[in-house]
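**Q** Sharing a structure with you now.
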Amino acid sequence: MKKNGGNNDLKKKSKPPPEYDLRLYVTGATPNSVKAIANITNICESFLKDRYDLQIIDVYKDASVAWQEQIIALPLLIKKLPLPERKLIGDLSETDKVLKALGVEM
Amino acid sequence: MSRSVKKSNTTAFEKTPTGINGFDEITNGGLPANRPTLVCGEAGAGKTLFSIEFIVRGILQYNEPGVIMVFEEKAEDLEQNVASLGFNLKKLQKDGLLWIDHVHIDRTEIEETGMYDLDGLFIRLAHAIDTTGAKRVMLDTIENLFGGFENEGILRAELRRLFSWLKNRGITTIITAEKGLGTLTRHGLEEYVSDCVILLDHRVKNQISTRLLRVVKYRGSLHGTNEYPFLIDEDGISVLPVTSLLLEREVSSQRISCGIPSLDDMLDGRGFYRGSSILISGTAGTGKTNIAAYFADASCKRKERCLFFAFEESPPQIIRNMQSINIDLKKHIDAGLLQILATRPTSYGLESHLVSIHKRVKQYKPRTVILDPITNLVTVASISDVKSMLTRLLDFLQNEGITVLFTALVFDNEKSLQTDEGISSLVDAWIQVRDIEGNGERNRGIYIMKSRGMNHSNQVREFVITEKGLELVDVFQGPEGILVGSARQAQLLQEATGIELRTYAASRKDQAIERKKLVLEAKIASLREEFESVQDELNKTFMEEKLKKEIMERNRQQLANSRNNRNLKNGKNSKK
């Protein structure tokens with residue numbers, strides 16, 4: 001599993017292994033991608049502060065991840081941890097749905 | 001084959017040949033180049049196979065790399081499915097000519113949270129196309145995406161974008177879709193793919209399925225609108241053009257022997273025309289197959305290939321049976337001049353039979369084709385279907401200049417002779433073999449119902465099958481009708497006896513004459529004898545007369561003399 005290529009690593013809490021391992025796949029600076037980045041950052045900062053690790057990966061830059069993660073729809077957010085793995089597509093504007101899928105209590 | 005996108009602005013559509021047997025013919029060149037084509041049909045209609053063949057043949061025959069994007073089957077399943085057709089997808093992938101991408105979507109894993117697009121799909125596709133340099137793409141079955149995403153609005157917009165994106169890249173694409181109820185596709189994809197729509201169908205009639213293909217729409221191009229039967233076999237798909245009904249074929253005036261000299265004699269002495277169609281009909285066991293075998297044998301002896309489609313007997317059976325009438329078909333098979341293909345009519349549908357006959361004929365390129373018997377095809381379809389199928393078959397074969405011989409079984413020879421699947425009007429020559437019953441035996445009579453374009457005999461001949469072969473014998477016309485079989489032989493004997501008797505009588509007469517002649521001669525001899533004796537008698541009397549006359553003369557002389565002497569002697573005598 002490649003973990004490279006996040007164009008803007010926003011957060012990297014290095015101390016304990018983060019509770020939430022999130023990866024956001026985007027396509028350059030398309031409106032949906034920009035929105036998705038803003039939304040997830042917002043959500044993480046508001047609800048999961050210091051408990052998460054977020055990688056943002058640009059699929060344009062590395063197409064091979066598209067196969068690895070069976071990516072069709074973008075933007076795509078994959079919650080690797082905590083298990084079970086979940087996939088969220090869309091610009092993550094529906095905060096309630098995102099939180100529910102991430103298993104975060106409000 | 002690869003054409004640039006810009007060039008397609010010209011009025012006529014450019015076409016990309018599919019390489020699928022027969023399909024390019026019915027579409028006048030293939031699928032619209034650089035455009036998407038929708039292939040729809042029910043499950044199992046052959047959509048995937050059609051698409052894969054398009055891709056693989058593109059690579060193998062037209063040097064156009066391809067991309068297969070599967071939304072349904074696993075990539076391995078796909079490989080296995082087409083391996084039976086001799087397509088080695090793995091090798092093509094290794095050679096970098098083919099890219100297979102398996103798209104897996106599981107709705108339960110995915111949560112939709114706002115606006116999204118299918119850029120992932122685009123990226124994958126773009127990567128595949130760029131890596132292989134693909135000109136052909138297959139999306140099988142992209143409709144499955146509808147099951148993977150909630151937001152149909154986005155999906156539709158994205159599909160529209162995808163198709164126009166492919167078009168802009170100059171990719172010839174096949175999109176497969178399942179047929180919906182009353183619509184071509186379940187999700188109305190035909191709305192987006194407006195250039196070419198092909199419908200594959202799979203119909204079951206009398207427990208026998210027939211695959212059919214129809215070009216529903218082909219913008220900017222002429223195309224056949226009929227349903228074309230097609231066949232899937234070890235060579236992939238074969239589509240059969242139906243409407244090639246051209247009555248403009250060239251005809252040959254060459255004549256070929258049917259293998260039975262006495263039958264040739266009935267046909268103006270020279271047999272059938274090359275490239276004509278011959279129907280041999282008759283009741284069961286009248287020797288139709290034998291005539292067919294003779295015909296095959298004659299063809300092979302001319303060093304012309306013959307293709308024998310047997311619907312009743314297996315090849316070894318035919319070979320064995322024909323040996324009994326002194327025909328060695330095995331020899332021809334070994335020489336590669338004869339091929340016997342035995343299929344049960346019920347093994348597949350009528351159309352499939354037609355397609356398979358087509359294919360075999362194209363492959364083997366025979367000069368003569370035999371179908372024995374066509375009647376059995378009725379078991380899989382109605383008579384009208386059989387007729388239309390045979391019409392097309394005849395047409396095809398005659399266009400190729402192939403002489404074709406059908407045999408047909410007639411069930412009741414008295415009721416109607418026109419039951420020959422109604423093709424008797426289509427064929428050029430029609431020979432009827434029928435039973436002639438009488439005198440407690442069954443014999444075969446043969447006659448020519450018609451034979452276009454030649455002077456043919458109107459006689460009924462007796463058709464005799466012996467271990468030496470087939471023979472036509474003149475039928476005797478007796479007071480009670482024609483005489484065949486033992487009646488004929490009796491007649492023959494009778495005639496022979498007559499001849500014998502006549503010759504005997506003649507010889508008797510000869511003898512009588514001889515005898516008469518002898519008698520006559522004897523009579524002549526005796527008459528001559530008589531005559532001779534009479535003549536003798538006459539001679540005798542004549543001689544006697546003469547003698548008498550002489551004697552009398554002498555006597556008179558003597559008398560005269562003596563008178564003179566008496567005078568003298570008297571004196572002397574007185575002296576004494």
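Order determines the names: the first chain of the structure tokens is A, the second B, and so forth; residues in each chain are numbered 1 upward, and ligands are numbered 1 upward as they are shown.
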Select residues of chain A: the criterion is any atom within 12 Å of an atom of chain B, counting only C-alpha atoms; output as a PyMOL selection string.

**A** chain A and resi 25-28+30-36+39-40+58-79+84-102

**Q** Write down as a PyMOL selection string the residues belonging to region 284-398 of chain B that are assigned strand (DSSP E or B) by DSSP computed on the backbone.

**A** chain B and resi 306-310+338-342+368-372

**Q** Counting only C-alpha atoms, what is within 9 Å of Met454 (chain B), bar same-chain residues fewer than 5 positions away, as a list of chain:residue names?

**A**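 Residues meeting the cut-off are B:Leu267, B:Asp268, B:Phe272, B:Tyr273.
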
**Q** Would you export the selected residues with N, CA and C atoms as a PDB file, in the first residue's frame, please?

**A**
ATOM      1  N   LEU B 267     -31.630 -37.174 -68.498  1.00  0.00           N
ATOM      2  CA  LEU B 267     -31.451 -35.728 -68.465  1.00  0.00           C
ATOM      3  C   LEU B 267     -30.692 -35.304 -69.713  1.00  0.00           C
ATOM      4  N   ASP B 268     -31.259 -35.585 -70.819  1.00  0.00           N
ATOM      5  CA  ASP B 268     -30.651 -35.113 -72.052  1.00  0.00           C
ATOM      6  C   ASP B 268     -29.315 -35.804 -72.304  1.00  0.00           C
ATOM      7  N   PHE B 272     -26.897 -32.927 -64.862  1.00  0.00           N
ATOM      8  CA  PHE B 272     -27.415 -31.656 -64.382  1.00  0.00           C
ATOM      9  C   PHE B 272     -26.521 -30.500 -64.799  1.00  0.00           C
ATOM     10  N   TYR B 273     -27.065 -29.287 -64.665  1.00  0.00           N
ATOM     11  CA  TYR B 273     -26.243 -28.099 -64.865  1.00  0.00           C
ATOM     12  C   TYR B 273     -25.379 -27.878 -63.631  1.00  0.00           C
TER      13      TYR B 273
END

**Q** Give me the residues near region 491-500 of chain B as a ChimeraX atom specification, where near means some atom within 12 Å (using only C-alpha atoms) and where sequence neighbours in that chain fewer than 2 positions away do not count.

**A** /B:473-479,482-489,502-507

**Q** Using C-alpha atoms, can you write the selected residues to a file as a PDB file, in the first residue's frame?

**A**
ATOM      1  CA  VAL B 473     -34.301 -49.975 -66.015  1.00  0.00           C
ATOM      2  CA  ASP B 474     -36.928 -49.369 -68.622  1.00  0.00           C
ATOM      3  CA  VAL B 475     -40.343 -50.015 -67.316  1.00  0.00           C
ATOM      4  CA  PHE B 476     -42.636 -52.293 -69.249  1.00  0.00           C
ATOM      5  CA  GLN B 477     -45.974 -51.039 -70.231  1.00  0.00           C
ATOM      6  CA  GLY B 478     -48.353 -53.924 -69.835  1.00  0.00           C
ATOM      7  CA  PRO B 479     -52.081 -54.172 -70.187  1.00  0.00           C
ATOM      8  CA  ILE B 482     -46.421 -50.404 -65.886  1.00  0.00           C
ATOM      9  CA  LEU B 483     -44.636 -53.515 -64.901  1.00  0.00           C
ATOM     10  CA  VAL B 484     -41.824 -53.454 -62.402  1.00  0.00           C
ATOM     11  CA  GLY B 485     -39.857 -55.864 -60.314  1.00  0.00           C
ATOM     12  CA  SER B 486     -40.701 -59.490 -60.766  1.00  0.00           C
ATOM     13  CA  ALA B 487     -43.592 -58.583 -63.001  1.00  0.00           C
ATOM     14  CA  ARG B 488     -41.079 -56.940 -65.270  1.00  0.00           C
ATOM     15  CA  GLN B 489     -38.874 -59.970 -65.051  1.00  0.00           C
ATOM     16  CA  ARG B 502     -40.709 -68.051 -82.612  1.00  0.00           C
ATOM     17  CA  THR B 503     -37.267 -69.197 -83.518  1.00  0.00           C
ATOM     18  CA  TYR B 504     -38.348 -72.772 -82.950  1.00  0.00           C
ATOM     19  CA  ALA B 505     -41.342 -72.323 -85.192  1.00  0.00           C
ATOM     20  CA  ALA B 506     -39.193 -70.702 -87.779  1.00  0.00           C
ATOM     21  CA  SER B 507     -36.770 -73.547 -87.736  1.00  0.00           C
TER      22      SER B 507
END

**Q** To one decimal place in Å, what is the distance between CA of Leu341 (chain B) and CA of Phe311 (chain B)?

**A**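 Computing the Euclidean distance for CA of Leu341 (chain B) and CA of Phe311 (chain B) yields 8.4 Å.
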
**Q** Report, in Å with one decimal, the straight-line distance from CA of Leu397 (chain B) to CA of Leu240 (chain B).

**A**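 Atom-to-atom, CA of Leu397 (chain B) and CA of Leu240 (chain B) are spaced 13.2 Å apart.
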
**Q** Can you list, as a PyMOL selection string, every protein, DNA or RNA residue that comes within 9 Å of Thr289 (chain B) when you count only C-alpha atoms, leaving out same-chain residues fewer than 2 positions away?

**A** chain B and resi 285-287+291-294+318+322+372-373+407

**Q** Grab the residues selected above and save them as a PDB file, in the first residue's frame with C-alpha atoms.

**A**
ATOM      1  CA  GLY B 285     -36.476 -46.289 -48.220  1.00  0.00           C
ATOM      2  CA  THR B 286     -36.625 -45.351 -51.842  1.00  0.00           C
ATOM      3  CA  GLY B 287     -32.905 -44.837 -52.154  1.00  0.00           C
ATOM      4  CA  ILE B 291     -28.601 -41.240 -55.250  1.00  0.00           C
ATOM      5  CA  ALA B 292     -27.018 -38.551 -53.118  1.00  0.00           C
ATOM      6  CA  ALA B 293     -24.029 -40.771 -52.459  1.00  0.00           C
ATOM      7  CA  TYR B 294     -23.681 -41.451 -56.150  1.00  0.00           C
ATOM      8  CA  ILE B 318     -23.126 -43.710 -44.457  1.00  0.00           C
ATOM      9  CA  MET B 322     -22.777 -47.055 -49.377  1.00  0.00           C
ATOM     10  CA  ASP B 372     -29.699 -35.346 -46.563  1.00  0.00           C
ATOM     11  CA  PRO B 373     -32.526 -34.969 -45.782  1.00  0.00           C
ATOM     12  CA  THR B 407     -33.134 -35.057 -50.441  1.00  0.00           C
TER      13      THR B 407
END

**Q** Please report, as a ChimeraX atom specification, each residue of region 3-97 of chain A to which DSSP assigns alpha helix (DSSP H) when run on this structure's backbone.

**A** /A:31-47,64-68,95-97

**Q** Using only C-alpha atoms, which residues sit within 10 Å of Cys44 (chain A) once same-chain residues fewer than 3 positions away are excluded, as a list in words?

**A**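 In the requested format, the answer is Lys11, Tyr20, Leu22, Asn39, Ile40, Thr41, Phe47, Leu48, Lys49, Asp50, Arg51, Tyr52, Asp53, Leu54 and Leu99 of chain A.
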
**Q** If we count only C-alpha atoms, what is near Leu409 (chain B) at a cut-off of 8 Å, once residues fewer than 3 positions away on the same chain are taken out, given as a PyMOL selection string?

**A** chain B and resi 281-284+373-375+420

**Q** Kindly give the distance, in Å, that separates CA of Val404 (chain B) and CA of Arg274 (chain B), rounded to a single decimal.

**A** 9.1 Å

**Q** Identify which of the residues B:Glu42, B:Glu143, B:Glu76, B:Asp106 lies closest to His202 (chain B), counting only C-alpha atoms when measuring atom-to-atom distances.

**A**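 Among B:Glu42, B:Glu143, B:Glu76, B:Asp106, it is B:Glu42 that comes nearest to His202 (chain B).
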